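Structure data follow from target_22.cif (mmCIF, C-alpha atoms):
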```
data_model
loop_
_atom_site.group_PDB
_atom_site.id
_atom_site.type_symbol
_atom_site.label_atom_id
_atom_site.label_comp_id
_atom_site.auth_asym_id
_atom_site.auth_seq_id
_atom_site.Cartn_x
_atom_site.Cartn_y
_atom_site.Cartn_z
ATOM 1 C CA MET W 1 -16.316 -12.807 11.475
ATOM 2 C CA ASP W 2 -18.364 -10.421 9.355
ATOM 3 C CA LYS W 3 -17.198 -10.238 5.729
ATOM 4 C CA ILE W 4 -17.441 -6.661 4.488
ATOM 5 C CA ILE W 5 -15.752 -7.288 1.100
ATOM 6 C CA GLU W 6 -15.941 -10.546 -0.875
ATOM 7 C CA ILE W 7 -13.997 -11.193 -4.073
ATOM 8 C CA LYS W 8 -14.215 -14.461 -5.983
ATOM 9 C CA ASN W 9 -12.379 -15.260 -9.240
ATOM 10 C CA LEU W 10 -12.089 -11.588 -10.201
ATOM 11 C CA VAL W 11 -10.796 -10.882 -13.712
ATOM 12 C CA ARG W 12 -10.193 -7.521 -15.370
ATOM 13 C CA ASP W 13 -8.900 -7.227 -18.934
ATOM 14 C CA TYR W 14 -7.849 -4.084 -20.754
ATOM 15 C CA THR W 15 -7.820 -3.772 -24.522
ATOM 16 C CA SER W 16 -5.062 -1.659 -26.016
ATOM 17 C CA SER W 17 -4.739 -0.587 -29.637
ATOM 18 C CA GLY W 18 -1.574 -1.249 -31.585
ATOM 19 C CA PHE W 19 0.210 1.039 -34.047
ATOM 20 C CA LEU W 20 -2.325 3.092 -36.015
ATOM 21 C CA ARG W 21 -5.063 1.035 -34.273
ATOM 22 C CA LYS W 22 -4.591 -1.858 -36.714
ATOM 23 C CA LYS W 23 -4.077 -4.405 -33.957
ATOM 24 C CA LYS W 24 -5.779 -4.778 -30.604
ATOM 25 C CA GLU W 25 -4.154 -6.520 -27.684
ATOM 26 C CA SER W 26 -5.838 -7.768 -24.514
ATOM 27 C CA ILE W 27 -3.940 -7.254 -21.262
ATOM 28 C CA ARG W 28 -5.052 -9.075 -18.106
ATOM 29 C CA ALA W 29 -4.517 -6.784 -15.104
ATOM 30 C CA VAL W 30 -6.372 -8.952 -12.568
ATOM 31 C CA ASN W 31 -6.303 -12.713 -12.985
ATOM 32 C CA ASP W 32 -8.673 -14.958 -10.989
ATOM 33 C CA LEU W 33 -8.175 -12.994 -7.762
ATOM 34 C CA SER W 34 -10.075 -14.184 -4.689
ATOM 35 C CA LEU W 35 -10.049 -12.862 -1.111
ATOM 36 C CA ASP W 36 -12.311 -11.728 1.730
ATOM 37 C CA ILE W 37 -11.906 -8.674 3.971
ATOM 38 C CA TYR W 38 -13.504 -8.589 7.400
ATOM 39 C CA ARG W 39 -15.209 -5.698 9.164
ATOM 40 C CA GLY W 40 -12.853 -3.643 11.307
ATOM 41 C CA GLU W 41 -9.538 -4.960 9.997
ATOM 42 C CA VAL W 42 -6.680 -3.130 8.328
ATOM 43 C CA PHE W 43 -6.057 -5.132 5.175
ATOM 44 C CA GLY W 44 -2.940 -4.623 3.074
ATOM 45 C CA LEU W 45 -2.651 -5.179 -0.676
ATOM 46 C CA LEU W 46 1.030 -5.490 -1.548
ATOM 47 C CA GLY W 47 2.603 -6.105 -4.915
ATOM 48 C CA PRO W 48 4.975 -4.702 -7.527
ATOM 49 C CA ASN W 49 3.904 -2.017 -9.974
ATOM 50 C CA GLY W 50 1.494 -3.528 -12.487
ATOM 51 C CA ALA W 51 0.460 -6.371 -10.161
ATOM 52 C CA GLY W 52 -3.226 -5.371 -10.258
ATOM 53 C CA LYS W 53 -3.574 -3.629 -6.884
ATOM 54 C CA THR W 54 -4.910 -0.296 -8.126
ATOM 55 C CA THR W 55 -7.205 -1.991 -10.657
ATOM 56 C CA THR W 56 -8.674 -4.091 -7.829
ATOM 57 C CA ILE W 57 -9.157 -0.993 -5.664
ATOM 58 C CA LYS W 58 -10.881 0.820 -8.538
ATOM 59 C CA ILE W 59 -13.298 -2.086 -8.943
ATOM 60 C CA LEU W 60 -14.046 -2.156 -5.205
ATOM 61 C CA THR W 61 -14.661 1.611 -5.165
ATOM 62 C CA THR W 62 -17.135 1.422 -8.091
ATOM 63 C CA LEU W 63 -14.814 3.245 -10.512
ATOM 64 C CA LEU W 64 -14.214 0.295 -12.833
ATOM 65 C CA ALA W 65 -16.277 -2.659 -14.012
ATOM 66 C CA PRO W 66 -14.879 -6.183 -13.693
ATOM 67 C CA THR W 67 -14.544 -8.362 -16.787
ATOM 68 C CA SER W 68 -15.763 -11.399 -14.842
ATOM 69 C CA GLY W 69 -15.964 -12.803 -11.333
ATOM 70 C CA GLU W 70 -18.038 -11.984 -8.275
ATOM 71 C CA VAL W 71 -17.479 -8.931 -6.081
ATOM 72 C CA ARG W 72 -19.514 -7.744 -3.101
ATOM 73 C CA VAL W 73 -18.862 -4.624 -1.050
ATOM 74 C CA LEU W 74 -21.188 -4.268 1.966
ATOM 75 C CA GLY W 75 -23.247 -7.003 0.308
ATOM 76 C CA TYR W 76 -23.733 -5.098 -2.974
ATOM 77 C CA ARG W 77 -22.197 -5.374 -6.441
ATOM 78 C CA PRO W 78 -19.883 -2.402 -7.135
ATOM 79 C CA PHE W 79 -20.987 -2.418 -10.769
ATOM 80 C CA GLY W 80 -24.762 -2.308 -10.984
ATOM 81 C CA GLU W 81 -25.485 -1.438 -7.353
ATOM 82 C CA GLU W 82 -22.863 1.284 -6.930
ATOM 83 C CA LYS W 83 -25.347 3.835 -5.573
ATOM 84 C CA LYS W 84 -25.915 1.583 -2.566
ATOM 85 C CA ILE W 85 -22.163 1.478 -1.859
ATOM 86 C CA ARG W 86 -20.810 4.972 -2.510
ATOM 87 C CA PRO W 87 -22.292 6.741 0.560
ATOM 88 C CA TYR W 88 -20.504 4.233 2.833
ATOM 89 C CA ILE W 89 -16.988 4.226 1.353
ATOM 90 C CA ASN W 90 -14.256 6.729 0.573
ATOM 91 C CA PHE W 91 -10.951 6.631 -1.290
ATOM 92 C CA ILE W 92 -7.710 8.503 -0.549
ATOM 93 C CA TYR W 93 -4.790 8.672 -2.958
ATOM 94 C CA GLY W 94 -1.209 9.269 -1.917
ATOM 95 C CA GLY W 95 0.319 12.593 -2.935
ATOM 96 C CA GLU W 96 -1.450 15.920 -3.135
ATOM 97 C CA ARG W 97 -4.366 15.294 -5.483
ATOM 98 C CA ASN W 98 -8.054 15.847 -4.667
ATOM 99 C CA LEU W 99 -7.598 19.024 -2.641
ATOM 100 C CA TYR W 100 -8.275 22.641 -3.549
ATOM 101 C CA TRP W 101 -5.085 24.510 -2.731
ATOM 102 C CA ARG W 102 -6.375 28.074 -2.998
ATOM 103 C CA VAL W 103 -8.930 27.733 -0.226
ATOM 104 C CA SER W 104 -8.597 26.757 3.415
ATOM 105 C CA ALA W 105 -8.701 23.288 4.951
ATOM 106 C CA ARG W 106 -12.037 24.142 6.524
ATOM 107 C CA ASP W 107 -13.478 25.208 3.163
ATOM 108 C CA ASN W 108 -12.172 22.020 1.542
ATOM 109 C CA LEU W 109 -13.936 19.866 4.118
ATOM 110 C CA SER W 110 -17.099 21.944 3.817
ATOM 111 C CA TYR W 111 -17.147 21.509 0.044
ATOM 112 C CA PHE W 112 -16.623 17.737 0.163
ATOM 113 C CA SER W 113 -19.258 17.442 2.912
ATOM 114 C CA ASP W 114 -21.745 19.191 0.639
ATOM 115 C CA LEU W 115 -21.059 16.623 -2.080
ATOM 116 C CA TYR W 116 -22.355 13.988 0.331
ATOM 117 C CA LYS W 117 -25.346 16.191 1.244
ATOM 118 C CA ILE W 118 -24.472 16.194 4.931
ATOM 119 C CA ASP W 119 -26.800 18.194 7.153
ATOM 120 C CA HIS W 120 -25.411 21.699 7.911
ATOM 121 C CA ARG W 121 -25.393 21.313 11.681
ATOM 122 C CA GLN W 122 -23.862 17.858 11.511
ATOM 123 C CA LYS W 123 -21.344 19.062 8.929
ATOM 124 C CA LYS W 124 -20.041 21.858 11.149
ATOM 125 C CA LYS W 125 -19.573 19.518 14.116
ATOM 126 C CA ARG W 126 -17.978 16.828 11.964
ATOM 127 C CA ILE W 127 -15.471 19.237 10.388
ATOM 128 C CA GLU W 128 -14.278 20.406 13.809
ATOM 129 C CA GLU W 129 -13.837 16.806 14.936
ATOM 130 C CA LEU W 130 -11.886 15.888 11.805
ATOM 131 C CA LEU W 131 -9.608 18.924 12.007
ATOM 132 C CA ASP W 132 -8.837 18.043 15.612
ATOM 133 C CA MET W 133 -8.213 14.379 14.777
ATOM 134 C CA VAL W 134 -5.635 15.161 12.083
ATOM 135 C CA GLY W 135 -4.021 17.994 14.080
ATOM 136 C CA LEU W 136 -4.970 20.891 11.801
ATOM 137 C CA THR W 137 -7.313 22.912 14.035
ATOM 138 C CA ASP W 138 -4.804 25.738 14.580
ATOM 139 C CA ARG W 139 -4.250 26.171 10.827
ATOM 140 C CA ALA W 140 -7.706 25.256 9.572
ATOM 141 C CA ASP W 141 -8.337 28.674 8.001
ATOM 142 C CA GLU W 142 -5.055 28.924 6.105
ATOM 143 C CA LYS W 143 -4.891 28.222 2.380
ATOM 144 C CA VAL W 144 -3.856 24.647 1.649
ATOM 145 C CA GLU W 145 -1.134 25.864 -0.732
ATOM 146 C CA ASN W 146 0.811 26.969 2.368
ATOM 147 C CA TYR W 147 0.705 23.484 3.926
ATOM 148 C CA SER W 148 3.590 21.033 4.021
ATOM 149 C CA LYS W 149 3.220 17.728 2.198
ATOM 150 C CA GLY W 150 2.492 15.968 5.487
ATOM 151 C CA MET W 151 -0.236 18.461 6.404
ATOM 152 C CA LYS W 152 -1.841 18.050 2.986
ATOM 153 C CA GLN W 153 -1.900 14.287 3.405
ATOM 154 C CA ARG W 154 -3.476 14.600 6.868
ATOM 155 C CA LEU W 155 -6.104 16.839 5.290
ATOM 156 C CA GLN W 156 -6.631 14.123 2.664
ATOM 157 C CA ILE W 157 -7.440 11.705 5.490
ATOM 158 C CA ALA W 158 -9.944 14.186 6.922
ATOM 159 C CA ARG W 159 -11.479 14.633 3.463
ATOM 160 C CA GLY W 160 -11.909 10.884 3.169
ATOM 161 C CA LEU W 161 -13.796 10.793 6.462
ATOM 162 C CA VAL W 162 -16.365 13.556 5.871
ATOM 163 C CA ASN W 163 -19.084 10.986 5.117
ATOM 164 C CA ASP W 164 -18.037 8.792 8.080
ATOM 165 C CA PRO W 165 -17.426 5.809 5.744
ATOM 166 C CA GLU W 166 -17.577 2.200 6.857
ATOM 167 C CA ILE W 167 -14.665 1.366 4.537
ATOM 168 C CA LEU W 168 -11.701 3.637 3.822
ATOM 169 C CA PHE W 169 -9.452 2.805 0.858
ATOM 170 C CA LEU W 170 -5.917 4.216 1.096
ATOM 171 C CA ASP W 171 -3.749 3.993 -2.031
ATOM 172 C CA GLU W 172 -0.108 4.561 -1.022
ATOM 173 C CA PRO W 173 -1.051 7.239 1.540
ATOM 174 C CA SER W 174 2.471 7.892 2.839
ATOM 175 C CA ILE W 175 4.201 8.263 -0.525
ATOM 176 C CA GLY W 176 6.592 11.218 -0.514
ATOM 177 C CA LEU W 177 6.233 11.929 3.217
ATOM 178 C CA ASP W 178 9.220 12.493 5.492
ATOM 179 C CA PRO W 179 9.631 10.055 8.429
ATOM 180 C CA LEU W 180 7.775 12.297 10.886
ATOM 181 C CA GLY W 181 4.894 12.903 8.485
ATOM 182 C CA ALA W 182 4.643 9.171 7.754
ATOM 183 C CA LYS W 183 4.587 8.374 11.482
ATOM 184 C CA ASP W 184 1.800 10.929 12.058
ATOM 185 C CA LEU W 185 -0.175 9.280 9.270
ATOM 186 C CA ARG W 186 0.329 5.794 10.699
ATOM 187 C CA ASP W 187 -0.855 7.033 14.101
ATOM 188 C CA ILE W 188 -4.057 8.364 12.497
ATOM 189 C CA ILE W 189 -4.649 5.045 10.709
ATOM 190 C CA LYS W 190 -4.194 3.169 14.011
ATOM 191 C CA LYS W 191 -6.707 5.480 15.675
ATOM 192 C CA LEU W 192 -9.241 4.906 12.892
ATOM 193 C CA SER W 193 -8.763 1.148 13.175
ATOM 194 C CA LYS W 194 -9.235 1.307 16.943
ATOM 195 C CA ASN W 195 -12.521 3.129 16.320
ATOM 196 C CA GLY W 196 -13.748 0.262 14.132
ATOM 197 C CA LYS W 197 -13.095 1.518 10.603
ATOM 198 C CA THR W 198 -12.326 -1.061 7.935
ATOM 199 C CA ILE W 199 -9.223 0.091 6.058
ATOM 200 C CA VAL W 200 -7.873 -1.295 2.786
ATOM 201 C CA LEU W 201 -4.296 -0.149 2.273
ATOM 202 C CA THR W 202 -1.861 -0.364 -0.631
ATOM 203 C CA THR W 203 1.757 0.506 0.032
ATOM 204 C CA HIS W 204 5.287 -0.212 -1.146
ATOM 205 C CA TYR W 205 6.656 0.316 2.377
ATOM 206 C CA MET W 206 6.913 -3.092 4.032
ATOM 207 C CA TYR W 207 7.550 -1.721 7.528
ATOM 208 C CA GLU W 208 4.326 0.267 7.195
ATOM 209 C CA ALA W 209 2.329 -2.824 6.226
ATOM 210 C CA ASP W 210 3.990 -4.844 8.998
ATOM 211 C CA GLU W 211 3.083 -2.237 11.610
ATOM 212 C CA LEU W 212 -0.482 -1.477 10.493
ATOM 213 C CA CYS W 213 -2.070 -4.496 8.837
ATOM 214 C CA ASN W 214 -3.991 -7.322 10.491
ATOM 215 C CA ARG W 215 -3.687 -9.327 7.272
ATOM 216 C CA ILE W 216 -1.858 -8.897 3.989
ATOM 217 C CA ALA W 217 -2.447 -10.193 0.477
ATOM 218 C CA ILE W 218 0.650 -10.263 -1.718
ATOM 219 C CA VAL W 219 -0.431 -9.872 -5.334
ATOM 220 C CA ASN W 220 1.704 -10.666 -8.358
ATOM 221 C CA LYS W 221 0.671 -10.713 -12.037
ATOM 222 C CA GLY W 222 -2.950 -10.127 -11.066
ATOM 223 C CA SER W 223 -3.286 -13.029 -8.613
ATOM 224 C CA VAL W 224 -2.938 -13.505 -4.864
ATOM 225 C CA VAL W 225 0.270 -15.456 -4.176
ATOM 226 C CA ALA W 226 0.135 -15.235 -0.352
ATOM 227 C CA LEU W 227 -2.448 -14.137 2.221
ATOM 228 C CA ASP W 228 -2.059 -14.113 6.009
ATOM 229 C CA SER W 229 -1.056 -11.924 8.937
ATOM 230 C CA PRO W 230 2.436 -10.373 8.737
ATOM 231 C CA ASP W 231 3.682 -12.623 11.559
ATOM 232 C CA ASN W 232 2.291 -15.774 9.962
ATOM 233 C CA LEU W 233 3.763 -14.896 6.570
ATOM 234 C CA LYS W 234 7.163 -14.657 8.238
ATOM 235 C CA LYS W 235 6.602 -17.944 10.103
ATOM 236 C CA VAL W 236 5.611 -19.756 6.903
ATOM 237 C CA ASN W 237 8.933 -18.633 5.418
ATOM 238 C CA ILE W 238 10.867 -19.872 8.457
ATOM 239 C CA ASP W 239 13.469 -21.571 6.216
ATOM 240 C CA LEU W 240 14.312 -18.203 4.646
ATOM 241 C CA SER W 241 17.305 -16.422 6.202
ATOM 242 C CA VAL W 242 19.097 -13.202 5.357
ATOM 243 C CA ILE W 243 22.858 -12.754 5.504
ATOM 244 C CA GLU W 244 23.804 -9.110 5.946
ATOM 245 C CA ILE W 245 27.388 -8.238 4.996
ATOM 246 C CA SER W 246 28.833 -4.751 5.537
ATOM 247 C CA ILE W 247 31.708 -3.825 3.228
ATOM 248 C CA VAL W 248 33.765 -0.636 3.050
ATOM 249 C CA ASN W 249 32.290 1.087 0.019
ATOM 250 C CA ASN W 250 35.268 1.196 -2.335
ATOM 251 C CA VAL W 251 34.195 -1.550 -4.747
ATOM 252 C CA ARG W 252 31.544 -2.304 -7.319
ATOM 253 C CA LEU W 253 30.230 -5.847 -7.278
ATOM 254 C CA ASP W 254 28.475 -7.753 -10.058
ATOM 255 C CA PHE W 255 26.429 -10.679 -8.726
ATOM 256 C CA SER W 256 25.025 -11.836 -12.073
ATOM 257 C CA SER W 257 26.878 -15.152 -11.753
ATOM 258 C CA PHE W 258 24.734 -15.998 -8.698
ATOM 259 C CA ILE W 259 21.371 -15.645 -10.491
ATOM 260 C CA ASP W 260 20.882 -19.409 -10.812
ATOM 261 C CA HIS W 261 22.515 -20.326 -7.497
ATOM 262 C CA ALA W 262 20.575 -23.126 -5.786
ATOM 263 C CA HIS W 263 20.745 -21.585 -2.311
ATOM 264 C CA ILE W 264 20.803 -17.838 -3.011
ATOM 265 C CA HIS W 265 17.384 -16.412 -3.858
ATOM 266 C CA TYR W 266 18.173 -12.728 -4.057
ATOM 267 C CA ILE W 267 20.987 -10.239 -3.432
ATOM 268 C CA LYS W 268 20.219 -6.619 -2.616
ATOM 269 C CA GLN W 269 22.850 -3.880 -2.436
ATOM 270 C CA ASP W 270 22.229 -0.806 -0.256
ATOM 271 C CA TYR W 271 24.548 2.036 0.631
ATOM 272 C CA SER W 272 24.870 3.556 4.101
ATOM 273 C CA GLU W 273 27.429 6.320 4.648
ATOM 274 C CA ASN W 274 30.736 4.734 3.567
ATOM 275 C CA LEU W 275 29.470 1.158 3.631
ATOM 276 C CA LEU W 276 27.994 -1.203 1.059
ATOM 277 C CA ILE W 277 25.338 -3.365 2.752
ATOM 278 C CA LEU W 278 24.627 -6.688 1.058
ATOM 279 C CA ARG W 279 21.394 -8.508 1.960
ATOM 280 C CA ILE W 280 21.445 -12.075 0.693
ATOM 281 C CA GLN W 281 18.266 -14.169 0.848
ATOM 282 C CA THR W 282 19.075 -17.836 1.284
ATOM 283 C CA ASN W 283 17.635 -21.135 2.441
ATOM 284 C CA ASN W 284 21.092 -22.342 3.489
ATOM 285 C CA PRO W 285 23.302 -19.609 5.011
ATOM 286 C CA SER W 286 26.371 -21.848 5.418
ATOM 287 C CA ILE W 287 26.542 -22.896 1.759
ATOM 288 C CA ALA W 288 25.623 -19.401 0.515
ATOM 289 C CA LEU W 289 28.328 -17.745 2.618
ATOM 290 C CA ASN W 290 30.901 -20.353 1.636
ATOM 291 C CA ASP W 291 30.231 -19.715 -2.076
ATOM 292 C CA LEU W 292 30.181 -15.924 -1.667
ATOM 293 C CA MET W 293 33.435 -15.480 0.278
ATOM 294 C CA PRO W 294 35.819 -16.172 -2.647
ATOM 295 C CA PHE W 295 33.847 -13.644 -4.679
ATOM 296 C CA LEU W 296 34.361 -11.038 -1.924
ATOM 297 C CA LYS W 297 38.111 -11.611 -1.711
ATOM 298 C CA GLY W 298 39.976 -8.292 -1.613
ATOM 299 C CA THR W 299 37.090 -6.334 -0.094
ATOM 300 C CA ILE W 300 37.166 -4.957 3.447
ATOM 301 C CA ILE W 301 34.376 -6.702 5.359
ATOM 302 C CA VAL W 302 33.482 -5.037 8.658
ATOM 303 C CA ASN W 303 30.510 -7.179 9.707
ATOM 304 C CA ILE W 304 28.646 -10.376 8.801
ATOM 305 C CA GLU W 305 25.308 -11.148 10.430
ATOM 306 C CA THR W 306 22.576 -13.725 9.795
ATOM 307 C CA LYS W 307 19.025 -12.539 10.472
ATOM 308 C CA LYS W 308 15.498 -13.859 10.302
ATOM 309 C CA ALA W 309 13.547 -12.821 7.232
ATOM 310 C CA SER W 310 11.657 -9.526 7.446
ATOM 311 C CA LEU W 311 8.315 -8.904 5.735
ATOM 312 C CA GLU W 312 10.265 -7.256 2.901
ATOM 313 C CA ASP W 313 12.323 -10.422 2.466
ATOM 314 C CA VAL W 314 9.158 -12.542 2.435
ATOM 315 C CA TYR W 315 7.576 -10.185 -0.110
ATOM 316 C CA VAL W 316 10.611 -10.342 -2.419
ATOM 317 C CA ASN W 317 10.629 -14.135 -2.124
ATOM 318 C CA TYR W 318 7.031 -14.294 -3.403
ATOM 319 C CA VAL W 319 7.231 -11.766 -6.243
ATOM 320 C CA ARG W 320 10.750 -12.260 -7.604
ATOM 321 C CA GLU W 321 10.919 -13.635 -11.124
#
```
Represent the structure contained in this file as structure tokens.
Amino acid sequence: MDKIIEIKNLVRDYTSSGFLRKKKESIRAVNDLSLDIYRGEVFGLLGPNGAGKTTTIKILTTLLAPTSGEVRVLGYRPFGEEKKIRPYINFIYGGERNLYWRVSARDNLSYFSDLYKIDHRQKKKRIEELLDMVGLTDRADEKVENYSKGMKQRLQIARGLVNDPEILFLDEPSIGLDPLGAKDLRDIIKKLSKNGKTIVLTTHYMYEADELCNRIAIVNKGSVVALDSPDNLKKVNIDLSVIEISIVNNVRLDFSSFIDHAHIHYIKQDYSENLLILRIQTNNPSIALNDLMPFLKGTIIVNIETKKASLEDVYVNYVRE
């Protein structure tokens, strides 16, 4: 397969000043990170806040110099040969940045096309195609300030495609979108992938990564801790199970005594209508459930179910302290 991005032993340090600049401290955001991304795949970078995802993306998009290591994007170094890379990539942030709200969608796309010095005739044709692709043709001449959040994010996708990039970087593209808006965005990403675009995606939504990505790198403390397809990551963690217990929500539970439990990795509490939903990660459901039941004495349990680990469970297993 054709490698379109190559990263080997990437390191990026930041230097921060202490109180009154008397002391400087070095912070390592990316720590010996190595991975390859292949042409045409949707590649996910997952990790907690501060894991080094955005720093890595900034290096790949020529916005930040690495401290050390080797990086190639389309065969070129993003620091030193950035002019050979920039015409062939684009970068889309989540949220509503990088658009001009007081002009129309069409004018936004025209402006960003001019930044890439796209021929006038080609620009006009391309804008119409992009507006149609993201479903904004009927409202293309309205001011962006009148758009919903989902419409603005679809326009962001169109903006990121004005130069017909070979690689599209998406940094949490669905953040803040309602379920319908997020689904529309995922459908657009699938269409782009089908048309051969290479897409590098960061997200905190595991179902989104599971649905979209061919491969995923889980990053923690600046390093890759797991890298494979979503299905293979779940297969590798075949010994990981999840017990889901539904309890009538009239109690508060403190699970701090289970922190060092040999067979319970993690307990998550969610609330759904009048129920407390416990999700317990374990490598031995029988022992875990046996030890938990005395603790749950006096609660009203309406359902207990053991499930296979989801991508979210696998992710938590890799990044938990």
Given the file shown, determine the residues that the PyMOL selection byres ((chain W and resi 132-135) around 10) selects; report them as a short mmCIF file (atom, residue, chain, number, x, y, z; two decimals) with C-alpha atoms, in the coordinates of the input.
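Below is the file that was written, expr-v1.cif:
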```
data_model
loop_
_atom_site.label_atom_id
_atom_site.label_comp_id
_atom_site.auth_asym_id
_atom_site.auth_seq_id
_atom_site.Cartn_x
_atom_site.Cartn_y
_atom_site.Cartn_z
CA ARG W 126 -17.98 16.83 11.96
CA ILE W 127 -15.47 19.24 10.39
CA GLU W 128 -14.28 20.41 13.81
CA GLU W 129 -13.84 16.81 14.94
CA LEU W 130 -11.89 15.89 11.80
CA LEU W 131 -9.61 18.92 12.01
CA LEU W 136 -4.97 20.89 11.80
CA THR W 137 -7.31 22.91 14.04
CA ASP W 138 -4.80 25.74 14.58
CA ARG W 139 -4.25 26.17 10.83
CA ALA W 140 -7.71 25.26 9.57
CA MET W 151 -0.24 18.46 6.40
CA GLN W 153 -1.90 14.29 3.40
CA ARG W 154 -3.48 14.60 6.87
CA LEU W 155 -6.10 16.84 5.29
CA GLN W 156 -6.63 14.12 2.66
CA ILE W 157 -7.44 11.70 5.49
CA ALA W 158 -9.94 14.19 6.92
CA ASP W 184 1.80 10.93 12.06
CA LEU W 185 -0.18 9.28 9.27
CA ASP W 187 -0.86 7.03 14.10
CA ILE W 188 -4.06 8.36 12.50
CA LYS W 191 -6.71 5.48 15.68
CA LEU W 192 -9.24 4.91 12.89
#
```
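With atom CA of W:Val236 on one side and atom CA of W:Ala217 on the other, the separation reads 14.1 Å.
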(request) Do a neighbour search on stretch 239-247 of chain W at 6 Å with all atoms listed in the file, toss out local chain neighbours closer than 3 positions, and write the hits as a PyMOL selection string. (result) chain W and resi 275-283+300-309
(message) Using only C-alpha atoms for the distances, tell me which of W:Lys123, W:His204, W:Lys58, W:His261 is nearest to W:Tyr111.
(response) W:Lys123
(message) Nearest residue to W:Pro78 out of W:Glu6, W:Tyr100, W:Tyr116, W:Val30, using all atoms listed in the file?
(response) W:Glu6
(message) I need the residue nearest W:Val316 from this list: W:Val225, W:Leu161, W:Leu201, W:Met1. Use all atoms listed in the file for the distance.
(response)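 Result for the nearest residue to W:Val316: W:Val225.
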(request) For atom CA of W:Pro285 and atom CA of W:Asp270, determine how far apart the two atoms are, in Å to one decimal place. (result) 19.6 Å
(message) From the options W:Ile92, W:Val224, W:Cys213, W:Ala288, which residue's atoms come nearest to W:Ile264, counting only C-alpha atoms?
(response) W:Ala288
(message) As an exercise, work out the distance from atom CA of W:Ala182 to atom CA of W:Leu60 in Å and give it to one decimal place.
(response)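 Going from atom CA of W:Ala182 over to atom CA of W:Leu60 covers 25.4 Å.
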(request) Using only C-alpha atoms, pick whichever of W:Ile59, W:Glu211, W:Glu166, W:Thr67 has the shortest atom-to-atom distance to W:Arg186. (result) W:Glu211
(message) Is it possible to get the residues within 12 Å of (-2.9, -3.6, 6.5) (coordinates as in the file, counting all atoms listed in the file) written as number ranges by chain?
(response) W: 37-38, 40-46, 168-172, 186, 189-190, 193, 198-218, 227-230
(message) Considering all atoms listed in the file, can you say which of W:Lys3, W:Lys124, W:Lys268, W:Arg86 comes closest to W:Arg39?
(response) W:Lys3
So which residues touch W:Val319 within 8 Å, counting only C-alpha atoms, skipping near sequence neighbours fewer than 6 positions away, as a compact mmCIF listing (two decimals) with C-alpha atoms, keeping the file's coordinate frame?
```txt
# COMPACT_ATOMS: atom_id res chain seq x y z
CA GLY W 47 2.60 -6.10 -4.92
CA PRO W 48 4.97 -4.70 -7.53
CA VAL W 219 -0.43 -9.87 -5.33
CA ASN W 220 1.70 -10.67 -8.36
```
Could you produce a table of the residues of stretch 49-139 of chain W lying within 10 Å of stretch 143-146 of chain W, with the nearest pair of atoms per residue and their separation in Å rounded to one decimal, using all atoms listed in the file, ordered by chain and increasing residue number, as a Markdown table?
```
| residue | atom | partner | partner_atom | distance |
| --- | --- | --- | --- | --- |
| W:Leu99 | CA | W:Val144 | CA | 8.0 |
| W:Tyr100 | CA | W:Val144 | CA | 7.1 |
| W:Trp101 | CA | W:Val144 | CA | 4.6 |
| W:Arg102 | CA | W:Lys143 | CA | 5.6 |
| W:Val103 | CA | W:Lys143 | CA | 4.8 |
| W:Ser104 | CA | W:Lys143 | CA | 4.1 |
| W:Ala105 | CA | W:Val144 | CA | 6.0 |
| W:Arg106 | CA | W:Lys143 | CA | 9.2 |
| W:Asp107 | CA | W:Lys143 | CA | 9.1 |
| W:Asn108 | CA | W:Val144 | CA | 8.7 |
| W:Arg139 | CA | W:Lys143 | CA | 8.7 |
```
